[in-house]
$ cat coords-v7.txt   # compact mmCIF, C-alpha atoms
# COMPACT_ATOMS: atom_id res chain seq x y z
CA MET A 499 101.34 64.71 103.41
CA LYS A 500 101.58 68.06 105.10
CA ASN A 501 101.81 71.05 102.81
CA LEU A 502 101.93 74.17 104.96
CA SER A 503 102.11 76.64 102.13
CA ARG A 504 99.13 75.24 100.24
CA ALA A 505 97.08 74.48 103.31
CA LEU A 506 97.66 78.04 104.46
CA ALA A 507 95.67 79.30 101.51
CA LEU A 508 93.16 76.50 101.31
CA GLY A 509 92.22 76.91 104.93
CA GLY A 510 91.89 80.66 104.69
CA ALA A 511 94.87 81.00 107.04
CA GLY A 512 92.68 82.09 109.92
CA ILE A 513 92.95 85.40 111.65
CA LEU A 514 96.48 86.31 112.60
CA THR A 515 97.34 87.52 116.07
CA LEU A 516 99.37 90.64 115.47
CA ALA A 517 101.71 91.22 118.33
CA ALA A 518 105.42 91.92 118.04
CA CYS A 519 106.89 89.53 115.46
CA GLY A 520 103.67 87.50 115.49
CA THR A 521 103.73 86.30 119.11
CA ALA A 522 100.47 86.09 121.02
CA PRO A 523 99.65 89.13 123.20
CA GLU A 524 98.91 88.89 126.89
CA ALA A 525 95.25 88.79 127.78
CA GLY A 526 93.60 92.09 128.54
CA GLY A 527 95.53 95.24 128.15
CA GLY A 528 94.37 98.88 127.27
CA ASN A 529 96.22 100.76 124.59
CA GLY A 530 99.51 99.02 125.22
CA GLY A 531 101.99 101.92 124.65
CA GLY A 532 100.04 103.27 121.72
CA GLY A 533 99.25 106.96 121.87
CA GLY A 534 96.16 106.58 119.77
CA SER A 535 92.49 107.03 120.31
CA ASP A 536 90.71 106.06 123.49
CA ALA A 537 87.49 105.43 121.59
CA GLY A 538 87.73 101.66 121.96
CA GLY A 539 84.66 99.51 122.16
CA ALA A 540 83.41 97.53 119.21
CA GLY A 541 80.35 98.65 117.35
CA SER A 542 79.10 101.62 115.39
CA ASP A 543 80.99 104.20 117.45
CA TYR A 544 84.33 102.98 116.13
CA LYS A 545 85.51 104.04 112.67
CA ALA A 546 88.36 102.37 110.75
CA CYS A 547 89.57 103.97 107.52
CA MET A 548 92.03 103.18 104.73
CA VAL A 549 94.04 104.95 102.02
CA SER A 550 95.21 103.00 98.98
CA ASP A 551 98.49 103.18 97.11
CA SER A 552 98.33 104.58 93.57
CA GLY A 553 97.29 101.19 92.17
CA GLY A 554 93.77 101.63 93.55
CA TRP A 555 91.45 99.11 95.19
CA ASP A 556 90.94 96.91 92.15
CA ASP A 557 94.63 96.04 91.70
CA LYS A 558 94.15 92.28 92.22
CA SER A 559 97.05 92.61 94.63
CA PHE A 560 97.98 94.28 97.94
CA ASN A 561 95.50 97.19 97.87
CA GLU A 562 92.60 94.88 97.13
CA SER A 563 93.66 92.36 99.79
CA SER A 564 93.94 95.09 102.43
CA TYR A 565 90.57 96.56 101.43
CA ASN A 566 88.92 93.15 101.69
CA GLY A 567 90.31 92.83 105.21
CA LEU A 568 88.75 96.15 106.18
CA MET A 569 85.40 95.12 104.72
CA ALA A 570 85.56 91.81 106.59
CA ALA A 571 86.23 93.71 109.81
CA GLU A 572 83.26 95.99 109.13
CA GLU A 573 80.98 92.99 108.71
CA GLU A 574 82.35 91.08 111.68
CA LEU A 575 82.56 93.96 114.16
CA GLY A 576 79.70 96.21 113.06
CA ILE A 577 82.01 99.22 112.88
CA GLN A 578 82.00 102.21 110.54
CA THR A 579 84.52 102.38 107.68
CA GLN A 580 85.65 104.93 105.13
CA THR A 581 88.17 104.63 102.30
CA ALA A 582 90.14 106.94 100.04
CA GLU A 583 91.44 105.60 96.73
CA SER A 584 94.68 107.08 95.40
CA THR A 585 95.56 107.20 91.72
CA ALA A 586 98.81 109.19 92.12
CA VAL A 587 101.45 109.83 94.78
CA SER A 588 100.32 113.45 94.99
CA GLU A 589 96.98 112.26 96.41
CA PHE A 590 98.44 110.44 99.43
CA GLU A 591 98.57 113.37 101.86
CA PRO A 592 95.22 114.92 100.84
CA ASN A 593 93.53 111.51 101.15
CA ILE A 594 94.99 110.91 104.61
CA ASN A 595 94.04 114.42 105.74
CA ASN A 596 90.50 113.89 104.48
CA LEU A 597 90.19 110.80 106.67
CA VAL A 598 91.72 112.65 109.63
CA SER A 599 88.92 115.19 109.23
CA SER A 600 86.32 112.41 109.03
CA ASP A 601 86.60 111.33 112.67
CA CYS A 602 88.46 108.08 111.96
CA ASN A 603 89.76 106.27 115.04
CA LEU A 604 92.18 104.14 113.00
CA ILE A 605 93.67 104.90 109.59
CA PHE A 606 95.40 102.24 107.50
CA THR A 607 97.79 103.35 104.79
CA VAL A 608 98.63 100.69 102.21
CA GLY A 609 102.12 100.48 100.79
CA PHE A 610 105.73 101.56 101.26
CA LEU A 611 105.24 104.72 99.20
CA LEU A 612 102.83 106.11 101.81
CA ALA A 613 105.41 105.91 104.62
CA PRO A 614 106.43 109.62 104.69
CA ALA A 615 102.83 110.83 104.45
CA THR A 616 101.86 108.42 107.22
CA GLY A 617 104.65 109.62 109.49
CA ASN A 618 103.74 113.24 108.91
CA ALA A 619 100.03 112.70 109.60
CA ALA A 620 100.64 110.53 112.67
CA GLN A 621 102.93 113.12 114.26
CA ALA A 622 100.37 115.84 113.63
CA ASN A 623 97.46 113.75 114.98
CA GLU A 624 98.61 111.87 118.07
CA ASP A 625 95.02 111.10 119.08
CA ILE A 626 94.47 108.93 115.98
CA ASP A 627 95.84 105.42 115.53
CA PHE A 628 97.59 104.54 112.28
CA ALA A 629 98.72 101.24 110.78
CA ILE A 630 100.83 101.01 107.65
CA VAL A 631 100.91 97.92 105.47
CA ASP A 632 104.33 96.97 104.08
CA SER A 633 106.41 99.57 105.87
CA THR A 634 107.24 101.52 108.97
CA ALA A 635 106.42 105.21 109.20
CA GLN A 636 109.07 107.52 107.75
CA ASP A 637 110.06 111.15 108.20
CA ALA A 638 110.08 113.62 105.33
CA ASP A 639 113.57 112.45 104.31
CA GLY A 640 112.53 108.81 104.09
CA ASN A 641 114.15 107.70 107.34
CA PRO A 642 112.23 105.07 109.36
CA ILE A 643 110.71 106.43 112.57
CA GLU A 644 108.95 104.72 115.45
CA LEU A 645 105.79 106.43 116.67
CA ASP A 646 103.49 105.47 119.54
CA ASN A 647 100.41 105.69 117.34
CA VAL A 648 101.70 103.83 114.26
CA LYS A 649 101.72 100.03 113.93
CA PRO A 650 103.89 98.65 111.10
CA ILE A 651 102.47 95.57 109.35
CA GLU A 652 105.31 93.97 107.40
CA PHE A 653 105.98 90.67 105.68
CA ASN A 654 109.13 88.64 105.12
CA THR A 655 108.05 87.69 101.63
CA ALA A 656 111.58 86.55 100.75
CA GLU A 657 110.73 83.29 102.54
CA ALA A 658 107.69 82.51 100.39
CA ALA A 659 109.40 83.83 97.24
CA PHE A 660 112.27 81.42 97.97
CA LEU A 661 109.74 78.59 97.71
CA ALA A 662 108.39 80.10 94.47
CA GLY A 663 111.88 80.24 92.98
CA TYR A 664 112.50 76.62 93.93
CA LEU A 665 109.17 75.66 92.37
CA ALA A 666 109.92 77.62 89.20
CA ALA A 667 113.31 75.94 88.82
CA GLY A 668 111.63 72.56 89.24
CA MET A 669 108.89 73.33 86.70
CA THR A 670 110.74 75.12 83.91
CA GLU A 671 111.08 73.25 80.63
CA THR A 672 113.51 75.76 79.12
CA GLY A 673 115.98 76.21 81.96
CA LYS A 674 115.19 79.92 82.17
CA VAL A 675 112.81 81.80 84.48
CA ALA A 676 112.39 85.54 85.06
CA THR A 677 111.17 88.29 87.35
CA TYR A 678 110.79 92.08 87.23
CA GLY A 679 109.69 94.85 89.56
CA GLY A 680 107.43 97.87 89.38
CA MET A 681 109.59 100.11 91.56
CA ASP A 682 113.05 99.79 93.09
CA ILE A 683 111.77 99.72 96.67
CA PRO A 684 112.31 97.16 99.45
CA THR A 685 108.80 95.69 99.32
CA VAL A 686 109.44 94.81 95.66
CA THR A 687 113.07 93.69 95.71
CA ILE A 688 112.48 91.39 98.70
CA PHE A 689 110.36 89.16 96.43
CA MET A 690 113.03 89.16 93.73
CA ASP A 691 115.83 88.36 96.18
CA GLY A 692 113.97 85.36 97.57
CA TYR A 693 113.03 84.13 94.10
CA VAL A 694 116.62 84.25 92.86
CA ASP A 695 117.90 82.43 95.94
CA GLY A 696 115.19 79.79 95.65
CA VAL A 697 116.30 79.01 92.09
CA ALA A 698 119.91 78.87 93.27
CA HIS A 699 118.96 76.45 96.06
CA TYR A 700 117.22 74.18 93.54
CA ASN A 701 120.32 74.27 91.32
CA GLU A 702 122.54 73.38 94.26
CA THR A 703 120.24 70.57 95.37
CA HIS A 704 119.72 69.03 91.93
CA GLY A 705 122.94 69.90 90.12
CA THR A 706 121.03 71.93 87.53
CA ASN A 707 121.75 75.34 86.02
CA VAL A 708 118.42 77.13 85.78
CA GLU A 709 119.00 80.78 84.88
CA VAL A 710 117.09 83.78 86.28
CA LEU A 711 116.51 86.71 83.94
CA GLY A 712 115.60 90.14 85.27
CA TRP A 713 117.34 90.37 88.64
CA ASN A 714 120.87 90.19 90.02
CA LYS A 715 120.70 89.90 93.79
CA ASP A 716 124.38 90.64 94.33
CA SER A 717 124.29 93.98 92.50
CA GLN A 718 120.64 94.66 93.39
CA SER A 719 119.96 95.57 89.77
CA GLY A 720 117.70 94.32 87.04
CA SER A 721 114.40 94.89 85.30
CA ILE A 722 112.55 97.69 87.12
CA ILE A 723 109.89 99.27 84.92
CA ALA A 724 109.19 102.34 87.14
CA SER A 725 105.42 101.86 87.25
CA PHE A 726 102.68 100.17 89.21
CA GLU A 727 100.02 101.29 86.71
CA ASP A 728 101.26 100.95 83.11
CA GLN A 729 100.28 97.43 82.09
CA SER A 730 101.78 97.92 78.63
CA LYS A 731 105.21 98.05 80.27
CA GLY A 732 104.50 94.75 82.00
CA LYS A 733 103.45 93.25 78.68
CA ALA A 734 106.57 94.54 76.91
CA VAL A 735 109.10 93.29 79.45
CA SER A 736 107.32 89.94 79.72
CA ASP A 737 107.34 89.55 75.94
CA GLU A 738 111.11 90.07 76.09
CA PHE A 739 111.53 87.44 78.78
CA TYR A 740 109.39 84.82 77.07
CA ASN A 741 111.04 85.52 73.70
CA ALA A 742 114.44 85.12 75.38
CA GLY A 743 113.48 81.61 76.43
CA ALA A 744 112.02 82.04 79.90
CA ASP A 745 108.83 80.06 80.43
CA ILE A 746 107.94 81.33 83.95
CA VAL A 747 107.77 85.03 84.88
CA MET A 748 107.09 86.53 88.31
CA PRO A 749 105.92 90.17 88.07
CA VAL A 750 106.27 92.18 91.30
CA ALA A 751 104.38 95.20 90.10
CA GLY A 752 100.78 95.20 91.32
CA PRO A 753 98.27 95.82 88.50
CA VAL A 754 101.10 95.86 85.94
CA GLY A 755 101.20 92.08 86.36
CA ALA A 756 98.13 91.95 84.13
CA GLY A 757 100.51 92.72 81.26
CA THR A 758 102.45 89.57 82.09
CA LEU A 759 99.24 87.53 82.06
CA ALA A 760 98.42 88.98 78.63
CA SER A 761 101.86 88.01 77.36
CA ALA A 762 101.67 84.50 78.83
CA LYS A 763 98.33 83.86 77.14
CA GLU A 764 99.94 84.46 73.75
CA GLY A 765 102.34 81.51 73.82
CA GLU A 766 102.41 77.80 74.56
CA GLY A 767 103.96 76.60 77.80
CA ARG A 768 104.16 80.03 79.39
CA MET A 769 103.50 80.35 83.12
CA VAL A 770 103.16 83.18 85.66
CA ILE A 771 103.80 83.39 89.39
CA TRP A 772 101.60 86.12 90.90
CA VAL A 773 102.43 88.01 94.10
CA ASP A 774 100.71 89.49 97.16
CA ALA A 775 97.30 87.84 96.74
CA ASP A 776 96.19 84.53 95.23
CA GLY A 777 96.17 85.65 91.60
CA TYR A 778 94.01 82.72 90.54
CA GLU A 779 91.25 83.96 92.83
CA THR A 780 91.63 87.67 92.07
CA ASN A 781 91.51 86.91 88.32
CA SER A 782 88.45 84.69 88.68
CA SER A 783 86.65 86.43 85.81
CA ASP A 784 89.39 85.45 83.34
CA ALA A 785 89.70 81.68 82.98
CA GLU A 786 92.42 82.04 80.36
CA ALA A 787 94.52 84.10 82.78
CA GLN A 788 93.89 81.57 85.54
CA SER A 789 95.16 78.80 83.27
CA VAL A 790 98.69 80.29 83.18
CA ILE A 791 99.06 81.06 86.93
CA LEU A 792 101.31 78.42 88.46
CA THR A 793 100.98 79.76 92.01
CA SER A 794 101.20 83.04 93.95
CA VAL A 795 103.54 84.37 96.63
CA MET A 796 101.02 85.55 99.19
CA LYS A 797 101.07 88.07 101.99
CA LEU A 798 98.04 87.59 104.22
CA MET A 799 97.34 91.33 104.40
CA GLY A 800 93.57 91.07 104.70
CA GLU A 801 93.79 88.97 107.83
CA ALA A 802 96.34 91.37 109.31
CA VAL A 803 94.11 94.38 108.65
CA GLN A 804 91.10 92.59 110.11
CA ASP A 805 92.93 91.68 113.28
CA VAL A 806 94.45 95.13 113.86
CA THR A 807 91.00 96.63 113.39
CA ALA A 808 89.58 94.26 115.98
CA GLU A 809 92.32 95.20 118.44
CA GLY A 810 91.68 98.88 117.87
CA SER A 811 87.94 98.58 118.32
CA GLU A 812 88.53 96.78 121.61
CA GLY A 813 90.86 99.51 122.87
CA SER A 814 93.96 97.30 122.67
CA PHE A 815 95.82 98.98 119.79
CA ASP A 816 99.59 99.00 120.19
CA ASN A 817 102.51 100.05 118.03
CA SER A 818 104.49 96.79 118.21
CA PRO A 819 105.50 95.73 114.68
CA TYR A 820 103.99 92.64 113.10
CA VAL A 821 106.18 90.65 110.71
CA GLY A 822 104.47 87.92 108.70
CA THR A 823 106.60 84.82 108.11
CA LEU A 824 106.20 81.21 107.04
CA GLU A 825 106.27 80.25 110.72
CA ASN A 826 103.34 82.41 111.80
CA GLY A 827 101.37 81.95 108.56
CA GLY A 828 101.76 85.56 107.42
CA VAL A 829 103.26 84.53 104.06
CA GLY A 830 103.10 81.40 101.93
CA LEU A 831 102.43 79.91 98.52
CA ALA A 832 98.91 79.79 97.10
CA PRO A 833 97.44 76.49 95.83
CA PHE A 834 98.56 75.31 92.41
CA HIS A 835 94.95 75.31 91.15
CA ASP A 836 95.01 74.31 87.45
CA PHE A 837 98.59 73.09 87.88
CA GLU A 838 97.82 70.81 90.85
CA ASP A 839 98.16 67.67 88.74
CA LYS A 840 101.08 69.06 86.76
CA VAL A 841 103.43 69.74 89.68
CA PRO A 842 105.21 66.44 90.40
CA GLU A 843 104.49 64.88 93.79
CA GLU A 844 108.21 64.69 94.44
CA LEU A 845 108.55 68.45 93.94
CA LYS A 846 105.58 69.09 96.23
CA GLY A 847 107.28 66.99 98.89
CA GLU A 848 110.50 68.95 98.48
CA LEU A 849 108.59 72.20 98.96
CA ASP A 850 107.02 70.84 102.15
CA THR A 851 110.44 69.90 103.47
CA LEU A 852 111.95 73.22 102.41
CA THR A 853 109.15 75.12 104.13
CA GLN A 854 109.92 73.38 107.42
CA GLU A 855 113.66 73.87 106.94
CA ILE A 856 113.12 77.63 106.56
CA ILE A 857 110.93 77.69 109.66
CA ASP A 858 113.50 75.67 111.62
CA GLY A 859 116.39 77.83 110.42
CA THR A 860 118.10 74.92 108.68
CA VAL A 861 117.81 76.92 105.46
CA THR A 862 118.44 80.64 105.82
CA VAL A 863 116.67 83.11 103.55
CA GLU A 864 118.34 86.51 103.41
CA SER A 865 117.44 89.82 101.79
CA GLU A 866 118.63 93.34 102.45
CA ALA A 867 115.00 94.37 102.20
CA ALA A 868 113.70 91.95 104.84
CA PRO A 869 111.93 93.60 107.81
CA LYS A 870 113.78 93.43 111.10
CA GLN A 871 112.44 90.82 113.50
CA SER A 872 112.80 90.88 117.27
$ encode --input "coords-v7.txt" --output "structure tokens"
Amino acid sequence: MKNLSRALALGGAGILTLAACGTAPEAGGGNGGGGGSDAGGAGSDYKACMVSDSGGWDDKSFNESSYNGLMAAEEELGIQTQTAESTAVSEFEPNINNLVSSDCNLIFTVGFLLAPATGNAAQANEDIDFAIVDSTAQDADGNPIELDNVKPIEFNTAEAAFLAGYLAAGMTETGKVATYGGMDIPTVTIFMDGYVDGVAHYNETHGTNVEVLGWNKDSQSGSIIASFEDQSKGKAVSDEFYNAGADIVMPVAGPVGAGTLASAKEGEGRMVIWVDADGYETNSSDAEAQSVILTSVMKLMGEAVQDVTAEGSEGSFDNSPYVGTLENGGVGLAPFHDFEDKVPEELKGELDTLTQEIIDGTVTVESEAAPKQS
């Protein structure tokens, strides 16, 4: 039985080819339209650098996944690397400027919140290539801008979150599931939109009435805790959800999700759906936390970073956006791990079918926050 979403993770997903909307680039090519550095040529002369969001490298989420991709590129290509870890928004610009002054050929910025700082730095340093994970570059007013030396790396996570919502609706014993976000930004709400719609699709398919706590897609309002760092807030809101009868919670809040794991460990029958990375793997030192993780909604950020770095080192950097989808393997569900024998085979089969239906366009997944695809 094919299971694209689980096989995607089990097989390591391979290295993604990052051309516009995930299509394969033509062979050969120079800098493609990018106005970045001409210092191509793999090896020690090339330097790729990265700035984290305020969650830091050890967030067990998108910063950590992106960092691992850079380290994999360093090992594979023999290039130089340098990183700058942010702990607050005020550190974004200084960290980027420090890397600009460190002779970096390519600078990755990780996260939507770095978009204005990325746009500012890229415009001031046209000889340096930039790539931003989870966003396009923005001007000082927060308006998206297209720059020759900035490659957006985005993910239509609503598709994979739709599968997670369908799974949650099929696994709940209480008829209630929940989700919450760290910040009210598109890269957070896109998960919540897909999750809500996935539950609704399960209800429509099975004639059930599973309820979602924490997010109203129509009004774009719900539980936003205004933090990617304060794990106590994640614990508090998760306690509320579980006490209200939800038995599955999906935190979309980076390191704050650890608070949800702590809450889940305190009660029987509580489950968590992680996001960005495979939470079972990133929480490998905590078997009790692993035991409550049903699955994860993954963005294959590490592979994207690795591939963009390879292109840059070969002198083939370009600014065409990459959008990860179910179809090109950029997003997907992680394995069920400890829940592999607990998820019914019939439900697994439905997820396989639903995955293909989304890829084929038979089932449409929509979110205001979804990246535009060509």
$ closest_residue --input "coords-v7.txt" --among "A:Asp745, A:Asp695, A:Glu779, A:Glu652" --to "Gly765 in chain A" --atoms "only C-alpha atoms"
A:Asp745
$ residues_around --input "coords-v7.txt" --residues "range 686-691 of chain A" --least-positions-apart "3" --cutoff "7 Å" --atoms "all atoms listed in the file" --output "list in words"
Thr655, Ala656, Ala659, Thr677, Gly679, Met681, Asp682, Ile683, Val694, Asp695, Trp713, Lys715, Val750, Ser865, Ala867 and Ala868 of chain A
$ atom_distance --input "coords-v7.txt" --atom1 "CA of Leu612 in chain A" --atom2 "CA of Asn596 in chain A"
14.8 Å
$ atom_distance --input "coords-v7.txt" --atom1 "CA of Gln580 in chain A" --atom2 "CA of Ser600 in chain A"
8.5 Å
$ residues_near_point --input "coords-v7.txt" --point "(82.7, 96.2, 111.8)" --cutoff "9 Å" --atoms "all atoms listed in the file" --output "VMD selection string"
chain A and resid 540 to 542 544 to 546 568 to 579 807 to 808 811
$ atom_distance --input "coords-v7.txt" --atom1 "CA of Val631 in chain A" --atom2 "CA of Cys602 in chain A"
17.3 Å
$ closest_atom_pairs --input "coords-v7.txt" --of "range 642-730 of chain A" --to "range 752-761 of chain A" --cutoff "10 Å" --atoms "only C-alpha atoms" --output "tab-separated table"
residue	atom	partner	partner_atom	distance
A:Tyr678	CA	A:Gly755	CA	9.6
A:Gly679	CA	A:Gly752	CA	9.1
A:Gly680	CA	A:Gly752	CA	7.4
A:Val686	CA	A:Gly752	CA	9.7
A:Ile723	CA	A:Val754	CA	9.5
A:Ser725	CA	A:Val754	CA	7.5
A:Phe726	CA	A:Val754	CA	5.6
A:Glu727	CA	A:Val754	CA	5.6
A:Asp728	CA	A:Val754	CA	5.8
A:Gln729	CA	A:Val754	CA	4.2
A:Ser730	CA	A:Gly757	CA	6.0
$ residues_around --input "coords-v7.txt" --residues "Val675 in chain A" --least-positions-apart "5" --cutoff "9 Å" --atoms "all atoms listed in the file" --output "ChimeraX atom specification"
/A:663,666-667,670,697,708-712,739-740,743-748
$ residues_around --input "coords-v7.txt" --residues "Met799 in chain A" --least-positions-apart "6" --cutoff "8 Å" --atoms "all atoms listed in the file" --output "list in words"
Phe560, Ser563, Ser564, Gly567, Val631 and Gly828 of chain A
$ residues_around --input "coords-v7.txt" --residues "range 614-618 of chain A" --least-positions-apart "6" --cutoff "8 Å" --atoms "all atoms listed in the file" --output "PyMOL selection string"
chain A and resi 590-591+594+607+628+630+635-640+643+645
$ closest_residue --input "coords-v7.txt" --among "A:Asn561, A:Ser736, A:Asn714, A:Ser599" --to "Val803 in chain A" --atoms "only C-alpha atoms"
A:Asn561
$ residues_around --input "coords-v7.txt" --residues "range 859-863 of chain A" --least-positions-apart "4" --cutoff "9 Å" --atoms "only C-alpha atoms" --output "list in words"
Ala656, Glu657, Phe660, Gly692, Asp695, Gly696, Leu852, Thr853, Gln854 and Glu855 of chain A
$ closest_residue --input "coords-v7.txt" --among "A:Glu589, A:Glu866, A:Glu644, A:Glu786" --to "Gln718 in chain A" --atoms "only C-alpha atoms"
A:Glu866
